[in-house]
file model-v1.cif (mmCIF, C-alpha atoms)
data_query
loop_
_atom_site.label_atom_id
_atom_site.label_comp_id
_atom_site.auth_asym_id
_atom_site.auth_seq_id
_atom_site.Cartn_x
_atom_site.Cartn_y
_atom_site.Cartn_z
CA MET A 1 -13.79 1.94 -45.76
CA ASN A 2 -16.28 1.43 -42.91
CA ARG A 3 -13.60 -0.30 -40.84
CA LEU A 4 -11.16 2.58 -41.36
CA LEU A 5 -13.83 5.10 -40.37
CA LEU A 6 -14.78 3.08 -37.28
CA ASN A 7 -11.11 2.78 -36.34
CA LYS A 8 -10.64 6.57 -36.59
CA ILE A 9 -13.77 7.23 -34.51
CA ILE A 10 -12.69 4.82 -31.75
CA LEU A 11 -9.14 6.19 -31.80
CA THR A 12 -10.45 9.76 -31.53
CA LEU A 13 -12.80 8.90 -28.65
CA SER A 14 -10.03 7.02 -26.84
CA THR A 15 -7.66 9.95 -27.22
CA ILE A 16 -10.25 12.41 -25.95
CA SER A 17 -11.03 10.17 -22.96
CA ALA A 18 -7.33 9.87 -22.11
CA LEU A 19 -6.85 13.64 -22.35
CA VAL A 20 -9.87 14.28 -20.12
CA GLY A 21 -8.59 11.81 -17.50
CA ILE A 22 -5.07 13.24 -17.59
CA GLY A 23 -6.51 16.76 -17.43
CA PHE A 24 -8.41 16.03 -14.22
CA LEU A 25 -5.32 14.34 -12.76
CA PHE A 26 -3.13 17.36 -13.48
CA TRP A 27 -5.84 19.69 -12.15
CA ILE A 28 -5.84 17.81 -8.85
CA LEU A 29 -2.05 17.66 -8.64
CA ILE A 30 -1.58 21.33 -9.52
CA THR A 31 -4.20 22.44 -6.98
CA LEU A 32 -2.72 20.16 -4.32
CA THR A 33 0.81 21.38 -5.01
CA TYR A 34 -0.15 25.07 -5.03
CA LYS A 35 -2.17 24.97 -1.81
CA GLY A 36 0.02 22.37 -0.12
CA VAL A 37 3.39 24.02 -0.72
CA SER A 38 2.09 27.46 0.28
CA SER A 39 0.84 26.00 3.58
CA ILE A 40 4.06 24.21 4.55
CA GLN A 41 6.24 25.82 7.19
CA LEU A 42 9.15 24.59 9.29
CA SER A 43 6.77 24.19 12.24
CA THR A 44 4.74 21.75 10.13
CA PHE A 45 7.49 19.18 10.64
CA THR A 46 8.70 20.17 14.11
CA ASN A 47 5.37 20.54 15.94
CA ASP A 48 2.77 17.95 16.85
CA LEU A 49 -0.85 18.21 15.78
CA VAL A 50 -1.88 19.92 19.01
CA GLU A 51 0.63 22.68 18.15
CA GLY A 52 -0.35 22.97 14.49
CA GLY A 53 2.18 20.49 13.01
CA ILE A 54 2.24 16.92 11.77
CA ARG A 55 5.39 15.49 13.40
CA ASN A 56 3.50 13.00 15.58
CA LEU A 57 1.24 12.12 12.65
CA LEU A 58 4.15 11.20 10.37
CA VAL A 59 5.78 9.12 13.09
CA GLY A 60 2.49 7.39 13.92
CA GLN A 61 1.59 6.66 10.30
CA PHE A 62 5.01 5.20 9.49
CA THR A 63 5.11 3.22 12.74
CA MET A 64 1.87 1.43 11.94
CA ALA A 65 2.84 0.93 8.30
CA LEU A 66 6.28 -0.48 9.17
CA LEU A 67 4.83 -2.86 11.77
CA ALA A 68 2.29 -3.99 9.18
CA THR A 69 5.13 -4.59 6.71
CA VAL A 70 7.10 -6.65 9.25
CA VAL A 71 4.06 -8.90 9.68
CA ALA A 72 2.80 -9.04 6.10
CA VAL A 73 6.05 -9.50 4.14
CA PRO A 74 7.21 -12.88 5.55
CA ILE A 75 3.68 -14.29 5.59
CA GLY A 76 2.88 -13.02 2.09
CA VAL A 77 6.17 -14.18 0.54
CA MET A 78 5.92 -17.63 2.13
CA ALA A 79 2.31 -17.95 1.01
CA GLY A 80 3.28 -16.98 -2.55
CA ILE A 81 6.11 -19.53 -2.51
CA TYR A 82 3.73 -22.23 -1.33
CA LEU A 83 1.18 -21.47 -4.05
CA ARG A 84 3.73 -21.56 -6.87
CA GLU A 85 6.29 -24.13 -5.72
CA TYR A 86 4.35 -26.54 -3.52
CA GLY A 87 0.64 -26.07 -4.16
CA GLY A 88 0.54 -27.38 -7.73
CA GLU A 89 -2.97 -27.72 -9.11
CA LYS A 90 -4.63 -28.67 -5.83
CA ARG A 91 -8.12 -27.41 -5.15
CA MET A 92 -6.93 -25.65 -2.00
CA THR A 93 -4.31 -23.78 -4.03
CA MET A 94 -6.93 -22.47 -6.43
CA VAL A 95 -9.17 -21.46 -3.51
CA ILE A 96 -6.34 -19.50 -1.86
CA ARG A 97 -5.46 -17.79 -5.15
CA ASN A 98 -9.07 -16.76 -5.75
CA LEU A 99 -9.46 -15.49 -2.18
CA SER A 100 -6.23 -13.51 -2.54
CA ASP A 101 -7.50 -11.92 -5.76
CA ILE A 102 -10.81 -11.04 -4.09
CA MET A 103 -9.04 -9.52 -1.07
CA THR A 104 -6.88 -7.37 -3.34
CA SER A 105 -9.96 -5.50 -4.54
CA ALA A 106 -11.87 -5.63 -1.22
CA PRO A 107 -12.95 -2.19 0.07
CA SER A 108 -10.55 -1.05 2.77
CA ILE A 109 -13.42 0.06 4.99
CA VAL A 110 -14.66 -3.53 5.15
CA ILE A 111 -11.26 -4.62 6.46
CA GLY A 112 -11.41 -1.81 9.00
CA VAL A 113 -14.81 -2.95 10.27
CA PHE A 114 -13.59 -6.56 10.46
CA VAL A 115 -10.56 -5.63 12.57
CA PHE A 116 -12.74 -3.30 14.69
CA ALA A 117 -14.94 -6.24 15.64
CA PHE A 118 -12.00 -8.37 16.81
CA LEU A 119 -9.34 -5.96 18.10
CA VAL A 120 -11.15 -2.76 19.07
CA GLU A 121 -14.61 -3.51 20.39
CA PRO A 122 -13.53 -6.32 22.77
CA PHE A 123 -10.91 -4.02 24.38
CA GLY A 124 -13.17 -0.99 24.49
CA THR A 125 -10.73 1.42 22.86
CA PHE A 126 -9.15 2.28 19.54
CA ASN A 127 -5.51 1.24 19.38
CA GLY A 128 -2.46 1.34 17.12
CA TRP A 129 -2.09 -2.45 17.11
CA ALA A 130 -5.46 -2.80 15.43
CA GLY A 131 -4.42 -0.21 12.85
CA SER A 132 -1.26 -2.17 12.02
CA VAL A 133 -3.21 -5.41 11.70
CA ALA A 134 -5.70 -3.78 9.32
CA LEU A 135 -2.88 -2.44 7.15
CA ALA A 136 -1.11 -5.82 7.20
CA ILE A 137 -4.29 -7.52 5.98
CA MET A 138 -4.40 -5.05 3.09
CA MET A 139 -0.78 -5.76 2.18
CA LEU A 140 -1.04 -9.55 2.26
CA PRO A 141 -2.99 -10.24 -0.97
CA ILE A 142 -0.78 -7.85 -2.96
CA ILE A 143 2.43 -9.50 -1.75
CA ILE A 144 1.01 -13.01 -2.22
CA GLY A 145 -0.12 -12.28 -5.77
CA THR A 146 3.13 -10.56 -6.73
CA THR A 147 5.31 -13.34 -5.30
CA ASP A 148 3.21 -16.01 -6.98
CA ASN A 149 3.36 -14.27 -10.38
CA MET A 150 7.07 -13.43 -10.20
CA LEU A 151 8.02 -17.01 -9.31
CA ALA A 152 5.95 -18.19 -12.26
CA LEU A 153 8.22 -16.16 -14.57
CA VAL A 154 11.36 -17.94 -13.41
CA PRO A 155 12.38 -20.49 -16.11
CA LYS A 156 11.86 -24.10 -15.07
CA GLU A 157 15.37 -24.84 -16.35
CA LEU A 158 16.76 -23.12 -13.25
CA ARG A 159 14.83 -25.49 -11.03
CA GLU A 160 15.96 -28.48 -13.08
CA ALA A 161 19.58 -27.31 -12.84
CA GLY A 162 19.27 -27.14 -9.06
CA ILE A 163 17.82 -30.65 -8.95
CA ALA A 164 20.65 -31.92 -11.17
CA LEU A 165 23.17 -30.52 -8.69
CA GLY A 166 21.48 -32.44 -5.89
CA GLY A 167 19.85 -29.49 -4.19
CA SER A 168 16.87 -30.05 -1.90
CA LYS A 169 13.52 -28.49 -2.73
CA HIS A 170 13.67 -25.72 -0.15
CA LYS A 171 17.25 -24.78 -1.05
CA ILE A 172 16.39 -24.59 -4.75
CA VAL A 173 13.43 -22.33 -3.94
CA LEU A 174 15.29 -20.03 -1.56
CA GLN A 175 18.72 -19.87 -3.21
CA ILE A 176 17.80 -20.06 -6.89
CA VAL A 177 14.15 -19.37 -7.66
CA LEU A 178 13.51 -16.63 -5.09
CA LYS A 179 16.79 -14.89 -5.91
CA ALA A 180 15.88 -14.86 -9.60
CA ALA A 181 12.53 -13.23 -8.77
CA LYS A 182 13.73 -10.91 -5.98
CA VAL A 183 13.36 -7.71 -8.01
CA GLY A 184 9.71 -8.37 -8.84
CA VAL A 185 8.93 -9.46 -5.28
CA THR A 186 10.63 -6.35 -3.87
CA THR A 187 8.64 -4.15 -6.23
CA GLY A 188 5.41 -5.76 -5.05
CA ILE A 189 6.35 -5.07 -1.44
CA LEU A 190 7.12 -1.41 -2.22
CA LEU A 191 3.83 -0.94 -4.08
CA SER A 192 1.85 -2.58 -1.29
CA PHE A 193 3.57 -0.26 1.22
CA ALA A 194 2.72 2.72 -0.98
CA ARG A 195 -0.92 1.66 -0.90
CA ILE A 196 -1.28 1.30 2.86
CA ILE A 197 0.66 4.46 3.74
CA GLY A 198 -2.17 6.51 2.24
CA GLU A 199 -5.14 4.55 3.63
CA THR A 200 -7.72 6.28 5.78
CA ALA A 201 -10.85 4.11 6.02
CA PRO A 202 -9.43 1.16 8.00
CA LEU A 203 -7.71 3.49 10.47
CA LEU A 204 -10.94 5.35 11.19
CA PHE A 205 -12.25 2.13 12.76
CA THR A 206 -9.02 0.90 14.37
CA SER A 207 -6.37 3.40 15.48
CA ALA A 208 -8.50 6.57 15.26
CA ASN A 209 -6.18 9.52 15.99
CA ASN A 210 -4.20 11.28 18.71
CA GLN A 211 -3.23 14.95 18.78
CA PHE A 212 -0.20 14.28 20.97
CA PHE A 213 3.06 12.47 20.37
CA THR A 214 2.92 8.92 21.70
CA MET A 215 4.44 5.52 21.00
CA ASP A 216 1.93 3.69 23.18
CA MET A 217 0.00 1.59 20.69
CA SER A 218 -2.46 0.31 23.26
CA GLY A 219 -4.52 3.49 22.90
CA GLN A 220 -5.55 5.92 20.18
CA PHE A 221 -2.57 6.39 17.88
CA PRO A 222 -1.57 9.36 15.67
CA SER A 223 -2.53 8.92 12.02
CA LEU A 224 -1.72 11.32 9.19
CA THR A 225 -4.56 10.20 6.92
CA VAL A 226 -7.23 10.33 9.62
CA SER A 227 -6.01 13.79 10.64
CA ILE A 228 -6.30 15.03 7.05
CA TYR A 229 -9.88 13.77 7.01
CA ASN A 230 -10.65 15.53 10.30
CA LEU A 231 -8.78 18.78 9.58
CA ALA A 232 -10.54 19.25 6.23
CA THR A 233 -13.89 19.39 8.04
CA TYR A 234 -12.87 22.02 10.60
CA PRO A 235 -14.21 25.56 10.07
CA ASP A 236 -10.99 27.49 10.81
CA GLU A 237 -8.60 28.38 8.01
CA ALA A 238 -5.48 27.20 9.88
CA SER A 239 -6.80 23.63 10.12
CA ARG A 240 -7.65 23.53 6.42
CA GLU A 241 -4.22 24.87 5.50
CA LEU A 242 -2.61 22.15 7.62
CA ALA A 243 -4.80 19.60 5.84
CA TRP A 244 -3.51 20.86 2.46
CA ALA A 245 0.10 20.69 3.67
CA ALA A 246 -0.35 17.17 5.05
CA SER A 247 -2.09 16.05 1.85
CA PHE A 248 0.76 17.32 -0.30
CA ILE A 249 3.40 15.67 1.90
CA LEU A 250 1.51 12.36 1.86
CA THR A 251 1.13 12.52 -1.94
CA ALA A 252 4.85 13.21 -2.31
CA ILE A 253 5.68 10.21 -0.11
CA VAL A 254 3.42 7.87 -2.09
CA LEU A 255 4.79 9.20 -5.39
CA PHE A 256 8.37 8.69 -4.20
CA ILE A 257 7.72 5.09 -3.16
CA ASN A 258 6.06 4.33 -6.49
CA LEU A 259 8.96 5.88 -8.41
CA VAL A 260 11.43 3.78 -6.42
CA GLY A 261 9.41 0.69 -7.33
CA ARG A 262 9.48 1.63 -11.03
CA TYR A 263 13.19 2.35 -10.89
CA VAL A 264 13.96 -1.01 -9.28
CA THR A 265 11.92 -2.80 -11.96
CA ARG A 266 13.58 -1.01 -14.86
CA ASN A 267 17.08 -1.54 -13.52
CA LYS A 268 16.66 -5.18 -12.57
CA HIS A 269 19.54 -6.22 -14.81
#
call {"tool": "encode", "arguments": {"input": "model-v1.cif", "output": "structure tokens"}}
result
Amino acid sequence: MNRLLLNKIILTLSTISALVGIGFLFWILITLTYKGVSSIQLSTFTNDLVEGGIRNLLVGQFTMALLATVVAVPIGVMAGIYLREYGGEKRMTMVIRNLSDIMTSAPSIVIGVFVFAFLVEPFGTFNGWAGSVALAIMMLPIIIGTTDNMLALVPKELREAGIALGGSKHKIVLQIVLKAAKVGVTTGILLSFARIIGETAPLLFTSANNQFFTMDMSGQFPSLTVSIYNLATYPDEASRELAWAASFILTAIVLFINLVGRYVTRNKH
């Protein structure tokens, strides 16, 4: 009887906690949607920040994120392959795995400060290259961990079949094992991209921001997230409305990328 009562109490508390959490989430989303949609105009997408739009910010944010992806994906996937297929139970393998897990939960502002010390301060100016490097560092542990875990799910019989056919180690890994895990690896890449596209802290210390349209990454580079942070602190109503519009657009982008990742996972067969 006591166990049944305790079970009902815990179940009730868990349900209430879930409802409270979901309630706050919907409150945020509803407020963001209401204020964001009402602030969006055609000029929001056609003008640059200096003219009251976010065109240069979207281009700048995606440029840094895509460059980070180009750097992080091959390094992360190869590192994950090494850990699972070549590392075995070596001490170095365990050290790399633990460091990757730690980096996954590392505060993004710490990564921003680290990159600032090496790629900003020595050159005397904020720059887009530093922003891309900071975002790439954030992507790496996610891609490494996802690749490592997805390869672990591939049945060993597939590897043995490749060996029986006379395939070399690298061909078995690339043509059999990696292909079998490609959906999970792709999902990890999408989710890591969704994370960095909405990051602000590391860009505050690396790329900063630029009100004008530019593709010169050797200087301050346009950033959507940093601009939202700055616009929200301005006293004029127009700036705050632009911050709401940019926040809604950024949330929609992140949501879309996450939904694509979920869809790919569910339709892997």
call {"tool": "resolve_selection", "arguments": {"input": "model-v1.cif", "expression": "the PyMOL selection byres ((chain A and resi 136-152) around 9)", "output": "number ranges by chain"}}
result
A: 65, 67-73, 75-85, 97, 99-104, 106, 108, 111, 131-135, 153-156, 177-178, 180-189, 191-193, 195-196
call {"tool": "write_last_selection", "arguments": {"input": "model-v1.cif", "atoms": "C-alpha atoms", "output": "compact mmCIF listing (two decimals), in the coordinates of the input"}}
result
# COMPACT_ATOMS: atom_id res chain seq x y z
CA ALA A 65 2.84 0.93 8.30
CA LEU A 67 4.83 -2.86 11.77
CA ALA A 68 2.29 -3.99 9.18
CA THR A 69 5.13 -4.59 6.71
CA VAL A 70 7.10 -6.65 9.25
CA VAL A 71 4.06 -8.90 9.68
CA ALA A 72 2.80 -9.04 6.10
CA VAL A 73 6.05 -9.50 4.14
CA ILE A 75 3.68 -14.29 5.59
CA GLY A 76 2.88 -13.02 2.09
CA VAL A 77 6.17 -14.18 0.54
CA MET A 78 5.92 -17.63 2.13
CA ALA A 79 2.31 -17.95 1.01
CA GLY A 80 3.28 -16.98 -2.55
CA ILE A 81 6.11 -19.53 -2.51
CA TYR A 82 3.73 -22.23 -1.33
CA LEU A 83 1.18 -21.47 -4.05
CA ARG A 84 3.73 -21.56 -6.87
CA GLU A 85 6.29 -24.13 -5.72
CA ARG A 97 -5.46 -17.79 -5.15
CA LEU A 99 -9.46 -15.49 -2.18
CA SER A 100 -6.23 -13.51 -2.54
CA ASP A 101 -7.50 -11.92 -5.76
CA ILE A 102 -10.81 -11.04 -4.09
CA MET A 103 -9.04 -9.52 -1.07
CA THR A 104 -6.88 -7.37 -3.34
CA ALA A 106 -11.87 -5.63 -1.22
CA SER A 108 -10.55 -1.05 2.77
CA ILE A 111 -11.26 -4.62 6.46
CA GLY A 131 -4.42 -0.21 12.85
CA SER A 132 -1.26 -2.17 12.02
CA VAL A 133 -3.21 -5.41 11.70
CA ALA A 134 -5.70 -3.78 9.32
CA LEU A 135 -2.88 -2.44 7.15
CA LEU A 153 8.22 -16.16 -14.57
CA VAL A 154 11.36 -17.94 -13.41
CA PRO A 155 12.38 -20.49 -16.11
CA LYS A 156 11.86 -24.10 -15.07
CA VAL A 177 14.15 -19.37 -7.66
CA LEU A 178 13.51 -16.63 -5.09
CA ALA A 180 15.88 -14.86 -9.60
CA ALA A 181 12.53 -13.23 -8.77
CA LYS A 182 13.73 -10.91 -5.98
CA VAL A 183 13.36 -7.71 -8.01
CA GLY A 184 9.71 -8.37 -8.84
CA VAL A 185 8.93 -9.46 -5.28
CA THR A 186 10.63 -6.35 -3.87
CA THR A 187 8.64 -4.15 -6.23
CA GLY A 188 5.41 -5.76 -5.05
CA ILE A 189 6.35 -5.07 -1.44
CA LEU A 191 3.83 -0.94 -4.08
CA SER A 192 1.85 -2.58 -1.29
CA PHE A 193 3.57 -0.26 1.22
CA ARG A 195 -0.92 1.66 -0.90
CA ILE A 196 -1.28 1.30 2.86
call {"tool": "resolve_selection", "arguments": {"input": "model-v1.cif", "expression": "the PyMOL selection byres ((chain A and resi 61) around 8)", "output": "VMD selection string"}}
result
chain A and resid 57 to 60 62 to 65 197 222 to 225
call {"tool": "resolve_selection", "arguments": {"input": "model-v1.cif", "expression": "the PyMOL selection byres ((chain A and resi 212-221) around 10)", "output": "PyMOL selection string"}}
result
chain A and resi 47-51+54-57+59-61+63-64+120+123-132+203+206-211+222-223
call {"tool": "write_last_selection", "arguments": {"input": "model-v1.cif", "atoms": "C-alpha atoms", "output": "mmCIF file, in the coordinates of the input"}}
result
data_model
loop_
_atom_site.group_PDB
_atom_site.id
_atom_site.type_symbol
_atom_site.label_atom_id
_atom_site.label_comp_id
_atom_site.auth_asym_id
_atom_site.auth_seq_id
_atom_site.Cartn_x
_atom_site.Cartn_y
_atom_site.Cartn_z
ATOM 1 C CA ASN A 47 5.370 20.540 15.940
ATOM 2 C CA ASP A 48 2.770 17.950 16.850
ATOM 3 C CA LEU A 49 -0.850 18.210 15.780
ATOM 4 C CA VAL A 50 -1.880 19.920 19.010
ATOM 5 C CA GLU A 51 0.630 22.680 18.150
ATOM 6 C CA ILE A 54 2.240 16.920 11.770
ATOM 7 C CA ARG A 55 5.390 15.490 13.400
ATOM 8 C CA ASN A 56 3.500 13.000 15.580
ATOM 9 C CA LEU A 57 1.240 12.120 12.650
ATOM 10 C CA VAL A 59 5.780 9.120 13.090
ATOM 11 C CA GLY A 60 2.490 7.390 13.920
ATOM 12 C CA GLN A 61 1.590 6.660 10.300
ATOM 13 C CA THR A 63 5.110 3.220 12.740
ATOM 14 C CA MET A 64 1.870 1.430 11.940
ATOM 15 C CA VAL A 120 -11.150 -2.760 19.070
ATOM 16 C CA PHE A 123 -10.910 -4.020 24.380
ATOM 17 C CA GLY A 124 -13.170 -0.990 24.490
ATOM 18 C CA THR A 125 -10.730 1.420 22.860
ATOM 19 C CA PHE A 126 -9.150 2.280 19.540
ATOM 20 C CA ASN A 127 -5.510 1.240 19.380
ATOM 21 C CA GLY A 128 -2.460 1.340 17.120
ATOM 22 C CA TRP A 129 -2.090 -2.450 17.110
ATOM 23 C CA ALA A 130 -5.460 -2.800 15.430
ATOM 24 C CA GLY A 131 -4.420 -0.210 12.850
ATOM 25 C CA SER A 132 -1.260 -2.170 12.020
ATOM 26 C CA LEU A 203 -7.710 3.490 10.470
ATOM 27 C CA THR A 206 -9.020 0.900 14.370
ATOM 28 C CA SER A 207 -6.370 3.400 15.480
ATOM 29 C CA ALA A 208 -8.500 6.570 15.260
ATOM 30 C CA ASN A 209 -6.180 9.520 15.990
ATOM 31 C CA ASN A 210 -4.200 11.280 18.710
ATOM 32 C CA GLN A 211 -3.230 14.950 18.780
ATOM 33 C CA PRO A 222 -1.570 9.360 15.670
ATOM 34 C CA SER A 223 -2.530 8.920 12.020
#
call {"tool": "closest_residue", "arguments": {"input": "model-v1.cif", "among": "A:Val115, A:Ala245, A:Leu13, A:Leu255", "to": "Ser38 of chain A", "atoms": "only C-alpha atoms"}}
result
A:Ala245
call {"tool": "atom_distance", "arguments": {"input": "model-v1.cif", "atom1": "atom CA of Leu231 of chain A", "atom2": "atom CA of Phe116 of chain A"}}
result
23.0 Å
call {"tool": "closest_residue", "arguments": {"input": "model-v1.cif", "among": "A:Tyr229, A:Gly261, A:Tyr86, A:Pro235", "to": "Val173 of chain A", "atoms": "all atoms listed in the file"}}
result
A:Tyr86
call {"tool": "closest_residue", "arguments": {"input": "model-v1.cif", "among": "A:Ala252, A:Lys169, A:Gly53, A:Glu160", "to": "Ile40 of chain A", "atoms": "only C-alpha atoms"}}
result
A:Gly53
call {"tool": "atom_distance", "arguments": {"input": "model-v1.cif", "atom1": "atom CA of Leu204 of chain A", "atom2": "atom CA of Gly112 of chain A"}}
result
7.5 Å
call {"tool": "atom_distance", "arguments": {"input": "model-v1.cif", "atom1": "atom CA of Ile257 of chain A", "atom2": "atom CA of Leu66 of chain A"}}
result
13.6 Å
call {"tool": "residues_near_point", "arguments": {"input": "model-v1.cif", "point": "(-7.0, 25.5, 7.5)", "cutoff": "12 Å", "atoms": "only C-alpha atoms", "output": "MDAnalysis selection string"}}
result
chainID A and resid 35:36 38:40 52:53 228 230:246
call {"tool": "residues_near_point", "arguments": {"input": "model-v1.cif", "point": "(-6.2, 16.4, -4.0)", "cutoff": "8 Å", "atoms": "all atoms listed in the file", "output": "ChimeraX atom specification"}}
result
/A:28-29,31-32,247-248
call {"tool": "residues_around", "arguments": {"input": "model-v1.cif", "residues": "Glu157 of chain A", "least_positions_apart": "4", "cutoff": "12 Å", "atoms": "only C-alpha atoms", "output": "VMD selection string"}}
result
chain A and resid 153 161 to 164 172 176 to 177
call {"tool": "axis_aligned_box", "arguments": {"input": "model-v1.cif", "around": "segment 140-149 of chain A", "padding_each_side": "5 Å", "output": "AutoDock Vina command-line options"}}
result
--center_x 1.2 --center_y -11.9 --center_z -4.1 --size_x 18.3 --size_y 18.2 --size_z 22.6
